[in-house]
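**Student:** To start, I am sharing the structure in question, which I have written as structure tokens.
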Amino acid sequence: MMSLSSVVIVISLAFSMFGSALADPLADKLRSLSPGARDILKRTTPAAPHFVVYNDAWTSPLPTASQLQGYNVYALSFWLISGPADMAMGWQELTSDQRTSYLQEYNAAGISLIVSAFGSTDTPTSSGVDPTTVADNLASWVVQYGLQGVDVDYEDFNAFDGGGGSAETWLVNFTQQIRTQLPQGEYILSHAPVAPWFSPNMWSGGGYLAVNEAVGSLIDWVSCSLTAYESFVPEGASEYTSCSGLLTTSSSTWPETALFQIASNGVYLDKLVIGKPGTTSDANNGYMDTSTLASCVAQAYSSGWNAGVMVWEYPHVGSSWITAVRGNTWPLSSSASPVTPPPTPTTTLTTSTTIPTTSTTPAPRPTTTQQPTTYVTPASSTTSLISTTPTTSSSTPTTTTPSGGVSCTGIAAWVDNVAYVSGNQVTYNGDLWVASQWNEDEAPGGVSLVSRSFFED
């Protein structure tokens with residue numbers, strides 16, 4: 001785990017990244033955090049899979065970590081243009097000691113606490129509010145109240161439907177600005193669009209594909225709400241409710257908006273979290289029972305996807321829901337056997353109901369999207385599951401036999417300047433390693449300030 005002195009170094013680096021314009025008030029607010037709070041908030045983006053639960057319905061007290069077992073991200077909903085509301089307001093009204101106590105409990109359980117912004121109440125673009133001002137205000141609130149990031153639940157349907165690119169432009173400007181204040185690798189930033197917004201050639205401003213092209217590298221993951229527009233219900237009541245419709249072949253109403261179709265249009269598969277309502281009362285379309293959804297999750301995982309699942313909302317669903325959906329793909333029970341790690345998908349997708357074939361070839365990715373990385377040795381190896389020993393990067397590939405005796409036939413040695421995605425296997429310094437997320441120039445076992453907390457004893 002990262003020491004307090006390391007956290008102070010990270011915070012100091014954050015100050016230098018913020019620049020003099022942010023010396024007040026964000027830097028002062030960071031300095032005002034208690035040592036315990038600074039130790040908790042180690043500001044690194046967790047690796048996939050992401051199991052996200054929203055909480056908008058008033059809940060007091062907040063759920064315990066055991067009530068959230070199976071999730072690793074808890075999103076307080078919502079922060080509005082006018083300020084915090086509902087569970088976000090509840091968080092603000094706690095005392096500093098109470099907030100620190102919750103953060104300690106969640107941190108110990110591996111749960112990141114973030115705030116979701118906007119929701120169905122706010123219409124940021126249609127209301128004419130400045131994205132830079134909104135981003136500044138939200139970032140200031142996140143820092144002041146010690147949260148670990150932001151989810152952008154933008155639901156300004158009128159702005160998207162109106163065309164002209166006003167919605168897309170607002171989202172791009174907002175995302176760019178909030179990242180100047182909540183730096184990548186230190187704070188989580190996710191988006192939660194509805195799947196139809198990814199349909200190509202439907203939105204004059206390019207839809208969320210344009211947003212992804214402009215600022216996708218700044219977004220840690222996309223909790224893609226796989227539901228239809230309410231205006232198309234009951235026509236859309238069955239949209240995204242079968243494994244084929246969810247994963248490979250959406251309807252003609254919203255073409256090319258199933259999970260793998262969105263990925264084939266340029267959104268990285270390892271960032272596409274499947275979002276679903278937990279009950280029929282949480283949305284009027286898109287609902288899937290846990291057994292069916294778990295089956296779809298297993299199918300997607302077997303074809304290279306591992307981003308995770310998002311649900312709204314707690315307390316309508318809790319630990320039992322995510323336990324059922326994770327199933328044998330990501331089992332919680334120590335007695336269950338997890339499935340084999342997924343292969344790396346190709347970017348080619350067929351339009352049939354068959355999930356596309358996969359390849360283990362590392363996928364290229366822009367260098368600006370580099371994330372903290374963990375390489376873990378497979379469970380079948382006799383070496384430790386997680387390496388804690390720093391190693392030195394080398395640009396010269398070597399052919400080695402892993403010390404644990406695992407067969408490495410056909411597995412190449414790690415090479416710098418090559419991008420790897422989650423599930424890629426390499427040999428390095430005598431061991432077999434598996435990438436847990438996308439990385440480039442990140443030697444297996446390497447330790448840097450931004451990735452140190454990914455390596456635990």
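Chain lettering (A, B, ...) mirrors the order of the structure tokens, residue numbering begins at 1 for each chain separately, and ligand numbering begins at 1 in order of display.
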Between region 163-238 of chain A and region 244-252 of chain A, at 10 Å or less, what are the per-residue closest atom pairs and their distances in Å? Count only C-alpha atoms, order by chain and rising residue number, and return it as a Markdown table.
**Tutor:**
| residue | atom | partner | partner_atom | distance |
| --- | --- | --- | --- | --- |
| A:Ala195 | CA | A:Ser250 | CA | 9.9 |
| A:Pro196 | CA | A:Ser250 | CA | 9.6 |
| A:Ser199 | CA | A:Ser250 | CA | 9.8 |
| A:Leu226 | CA | A:Leu246 | CA | 7.2 |
| A:Thr227 | CA | A:Leu246 | CA | 9.4 |
| A:Gly236 | CA | A:Ser251 | CA | 9.2 |
| A:Ser238 | CA | A:Gly245 | CA | 9.0 |
**Student:** Using only C-alpha atoms, please write the residues we just selected to a file, as a PDB file, in the first residue's frame.
**Tutor:**
ATOM      1  CA  ALA A 195     -26.674   3.456 -25.947  1.00  0.00           C
ATOM      2  CA  PRO A 196     -28.710   5.067 -28.785  1.00  0.00           C
ATOM      3  CA  SER A 199     -25.614   5.097 -33.259  1.00  0.00           C
ATOM      4  CA  LEU A 226     -28.333  -0.106 -22.615  1.00  0.00           C
ATOM      5  CA  THR A 227     -31.932   1.112 -22.638  1.00  0.00           C
ATOM      6  CA  GLY A 236     -38.411   0.099 -27.382  1.00  0.00           C
ATOM      7  CA  SER A 238     -37.692  -5.076 -25.759  1.00  0.00           C
TER       8      SER A 238
END
**Student:** Pull the strand (DSSP E or B) assignments for region 83-242 of chain A out of DSSP run on the backbone, and list those residues as a ChimeraX atom specification.
**Tutor:** /A:83-84,112-119,149-154,184,187-191,194,221-225
**Student:** Provide the CA of Thr329 (chain A) to CA of Ala298 (chain A) distance in Å, to one decimal place.
**Tutor:** 5.7 Å
**Student:** Could you tell me how far CA of Asn265 (chain A) lies from CA of Val434 (chain A), in Å and to one decimal?
**Tutor:**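 CA of Val434 (chain A) lies 26.4 Å from CA of Asn265 (chain A).
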**Student:** Quick one: residues within 8 Å of Ser116 (chain A), only C-alpha atoms counted, chain neighbours fewer than 5 positions away excluded, as an NGL selection string?
**Tutor:** :A and (54 or 75-79 or 150-153)
**Student:** Keeping only N, CA, C and O atoms, write the selected residues as a short mmCIF file (atom, residue, chain, number, x, y, z; two decimals), in the first residue's frame.
**Tutor:**
data_model
loop_
_atom_site.label_atom_id
_atom_site.label_comp_id
_atom_site.auth_asym_id
_atom_site.auth_seq_id
_atom_site.Cartn_x
_atom_site.Cartn_y
_atom_site.Cartn_z
N TYR A 54 -25.47 3.01 -8.50
CA TYR A 54 -25.92 4.38 -8.22
C TYR A 54 -26.86 4.37 -7.02
O TYR A 54 -27.57 3.39 -6.78
N ALA A 75 -21.76 5.31 -6.48
CA ALA A 75 -21.97 6.65 -7.02
C ALA A 75 -23.11 7.36 -6.29
O ALA A 75 -24.28 6.96 -6.41
N LEU A 76 -22.76 8.40 -5.55
CA LEU A 76 -23.76 9.23 -4.90
C LEU A 76 -24.45 10.08 -5.96
O LEU A 76 -23.79 10.74 -6.77
N SER A 77 -25.75 10.09 -5.96
CA SER A 77 -26.50 10.80 -7.01
C SER A 77 -27.48 11.79 -6.36
O SER A 77 -28.16 11.44 -5.40
N PHE A 78 -27.53 13.02 -6.83
CA PHE A 78 -26.80 13.63 -7.92
C PHE A 78 -26.22 14.96 -7.47
O PHE A 78 -26.74 15.60 -6.54
N TRP A 79 -25.16 15.40 -8.15
CA TRP A 79 -24.71 16.78 -8.07
C TRP A 79 -25.33 17.49 -9.27
O TRP A 79 -25.20 17.04 -10.41
N VAL A 150 -15.84 11.52 -10.49
CA VAL A 150 -17.10 12.03 -11.03
C VAL A 150 -17.63 11.10 -12.11
O VAL A 150 -16.86 10.60 -12.95
N ASP A 151 -18.93 10.87 -12.08
CA ASP A 151 -19.62 10.22 -13.19
C ASP A 151 -20.50 11.26 -13.87
O ASP A 151 -21.24 11.99 -13.20
N VAL A 152 -20.42 11.34 -15.19
CA VAL A 152 -21.18 12.33 -15.96
C VAL A 152 -22.43 11.66 -16.53
O VAL A 152 -22.38 10.98 -17.56
N ASP A 153 -23.55 11.83 -15.83
CA ASP A 153 -24.82 11.25 -16.27
C ASP A 153 -25.62 12.34 -16.99
O ASP A 153 -26.61 12.86 -16.48
#
**Student:** Mind giving me the straight-line distance from CA of Tyr187 (chain A) to CA of Leu209 (chain A) in Å, one decimal?
**Tutor:**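 Separating CA of Tyr187 (chain A) from CA of Leu209 (chain A) is a distance of 23.2 Å.
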**Student:** Report as a tab-separated table: every residue of region 148-239 of chain A with an atom at most 10 Å from region 301-315 of chain A, its closest pair of atoms, and their distance in Å to one decimal, counting only C-alpha atoms, with rows sorted by chain and ascending residue number.
**Tutor:**
residue	atom	partner	partner_atom	distance
A:Ala192	CA	A:Met310	CA	9.4
A:Trp221	CA	A:Ala307	CA	7.9
A:Val222	CA	A:Ala307	CA	9.0
A:Ser223	CA	A:Met310	CA	6.3
A:Cys224	CA	A:Met310	CA	8.2
A:Ser225	CA	A:Met310	CA	8.3
**Student:** Just N, CA and C atoms for this one: save the residues we selected as a compact mmCIF listing (two decimals), in the first residue's frame.
**Tutor:**
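Listed below is the output, result_24.txt:
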# COMPACT_ATOMS: atom_id res chain seq x y z
N ALA A 192 -21.90 8.28 -18.55
CA ALA A 192 -22.99 7.30 -18.53
C ALA A 192 -24.05 7.65 -19.58
N TRP A 221 -13.94 5.12 -18.01
CA TRP A 221 -14.84 4.12 -18.57
C TRP A 221 -16.18 4.77 -18.89
N VAL A 222 -16.96 4.07 -19.70
CA VAL A 222 -18.28 4.55 -20.10
C VAL A 222 -19.31 3.55 -19.60
N SER A 223 -20.13 3.96 -18.64
CA SER A 223 -21.23 3.12 -18.16
C SER A 223 -22.37 3.28 -19.14
N CYS A 224 -22.37 2.46 -20.16
CA CYS A 224 -23.31 2.60 -21.27
C CYS A 224 -24.68 2.07 -20.85
N SER A 225 -25.65 2.99 -20.75
CA SER A 225 -27.00 2.62 -20.35
C SER A 225 -27.70 1.96 -21.53
**Student:** Residues of region 167-284 of chain A that approach region 134-141 of chain A to 8 Å or less, counting only C-alpha atoms: could you list each one with the shortest pair of atoms and its distance in Å to one decimal, rows by chain and increasing residue number, as CSV?
**Tutor:**
residue,atom,partner,partner_atom,distance
A:Phe174,CA,A:Ala135,CA,5.8
A:Thr175,CA,A:Ala135,CA,7.7
A:Gln177,CA,A:Ala135,CA,6.1
A:Ile178,CA,A:Ala135,CA,5.0
A:Gln181,CA,A:Ala139,CA,6.3
A:Leu182,CA,A:Ala139,CA,6.5
**Student:** Could those residues be written to a file, using all heavy atoms, as a PDB file, in the first residue's frame?
**Tutor:**
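What ended up in out-v2.pdb:
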ATOM      1  N   PHE A 174     -16.768  20.415 -21.361  1.00  0.00           N
ATOM      2  CA  PHE A 174     -16.880  20.086 -19.933  1.00  0.00           C
ATOM      3  C   PHE A 174     -15.824  19.055 -19.534  1.00  0.00           C
ATOM      4  O   PHE A 174     -15.140  19.202 -18.511  1.00  0.00           O
ATOM      5  CB  PHE A 174     -18.281  19.558 -19.636  1.00  0.00           C
ATOM      6  CG  PHE A 174     -18.442  18.990 -18.246  1.00  0.00           C
ATOM      7  CD1 PHE A 174     -18.771  19.817 -17.185  1.00  0.00           C
ATOM      8  CD2 PHE A 174     -18.248  17.637 -18.017  1.00  0.00           C
ATOM      9  CE1 PHE A 174     -18.913  19.294 -15.908  1.00  0.00           C
ATOM     10  CE2 PHE A 174     -18.379  17.107 -16.737  1.00  0.00           C
ATOM     11  CZ  PHE A 174     -18.716  17.941 -15.685  1.00  0.00           C
ATOM     12  N   THR A 175     -15.694  18.002 -20.327  1.00  0.00           N
ATOM     13  CA  THR A 175     -14.749  16.931 -20.010  1.00  0.00           C
ATOM     14  C   THR A 175     -13.314  17.438 -20.013  1.00  0.00           C
ATOM     15  O   THR A 175     -12.513  17.103 -19.128  1.00  0.00           O
ATOM     16  CB  THR A 175     -14.911  15.772 -21.009  1.00  0.00           C
ATOM     17  OG1 THR A 175     -16.261  15.283 -20.950  1.00  0.00           O
ATOM     18  CG2 THR A 175     -13.949  14.632 -20.699  1.00  0.00           C
ATOM     19  N   GLN A 177     -12.293  20.471 -19.431  1.00  0.00           N
ATOM     20  CA  GLN A 177     -12.072  21.366 -18.305  1.00  0.00           C
ATOM     21  C   GLN A 177     -11.977  20.618 -16.983  1.00  0.00           C
ATOM     22  O   GLN A 177     -11.098  20.892 -16.170  1.00  0.00           O
ATOM     23  CB  GLN A 177     -13.196  22.407 -18.227  1.00  0.00           C
ATOM     24  CG  GLN A 177     -13.062  23.378 -17.051  1.00  0.00           C
ATOM     25  CD  GLN A 177     -11.795  24.229 -17.121  1.00  0.00           C
ATOM     26  OE1 GLN A 177     -11.196  24.376 -18.185  1.00  0.00           O
ATOM     27  NE2 GLN A 177     -11.387  24.774 -15.985  1.00  0.00           N
ATOM     28  N   ILE A 178     -12.855  19.655 -16.767  1.00  0.00           N
ATOM     29  CA  ILE A 178     -12.823  18.981 -15.465  1.00  0.00           C
ATOM     30  C   ILE A 178     -11.553  18.152 -15.313  1.00  0.00           C
ATOM     31  O   ILE A 178     -11.050  17.964 -14.203  1.00  0.00           O
ATOM     32  CB  ILE A 178     -14.093  18.134 -15.251  1.00  0.00           C
ATOM     33  CG1 ILE A 178     -14.301  17.920 -13.745  1.00  0.00           C
ATOM     34  CG2 ILE A 178     -14.035  16.810 -16.011  1.00  0.00           C
ATOM     35  CD1 ILE A 178     -15.673  17.429 -13.368  1.00  0.00           C
ATOM     36  N   GLN A 181      -8.661  19.881 -13.678  1.00  0.00           N
ATOM     37  CA  GLN A 181      -8.756  20.062 -12.230  1.00  0.00           C
ATOM     38  C   GLN A 181      -8.816  18.744 -11.465  1.00  0.00           C
ATOM     39  O   GLN A 181      -8.472  18.702 -10.286  1.00  0.00           O
ATOM     40  CB  GLN A 181      -9.985  20.911 -11.914  1.00  0.00           C
ATOM     41  CG  GLN A 181     -10.006  22.213 -12.694  1.00  0.00           C
ATOM     42  CD  GLN A 181     -10.615  23.341 -11.903  1.00  0.00           C
ATOM     43  OE1 GLN A 181     -10.477  23.415 -10.692  1.00  0.00           O
ATOM     44  NE2 GLN A 181     -11.289  24.235 -12.594  1.00  0.00           N
ATOM     45  N   LEU A 182      -9.261  17.716 -12.126  1.00  0.00           N
ATOM     46  CA  LEU A 182      -9.270  16.370 -11.532  1.00  0.00           C
ATOM     47  C   LEU A 182      -8.435  15.473 -12.444  1.00  0.00           C
ATOM     48  O   LEU A 182      -8.956  14.755 -13.285  1.00  0.00           O
ATOM     49  CB  LEU A 182     -10.708  15.837 -11.421  1.00  0.00           C
ATOM     50  CG  LEU A 182     -11.697  16.674 -10.606  1.00  0.00           C
ATOM     51  CD1 LEU A 182     -13.075  16.003 -10.595  1.00  0.00           C
ATOM     52  CD2 LEU A 182     -11.205  16.918  -9.187  1.00  0.00           C
TER      53      LEU A 182
END
**Student:** Choose the residue, out of A:Ala88, A:Val73, A:Val172, A:Leu80, that has the smallest atom-to-atom separation from Asn107 (chain A); count only C-alpha atoms.
**Tutor:**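 Under the stated criterion, the closest residue is A:Val73.
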**Student:** Measuring atom to atom with only C-alpha atoms, identify which of A:Ser60, A:Ser112, A:Gln69, A:Asn285 is nearest to Glu239 (chain A).
**Tutor:**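 Closest to Glu239 (chain A), using only C-alpha atoms: A:Asn285.
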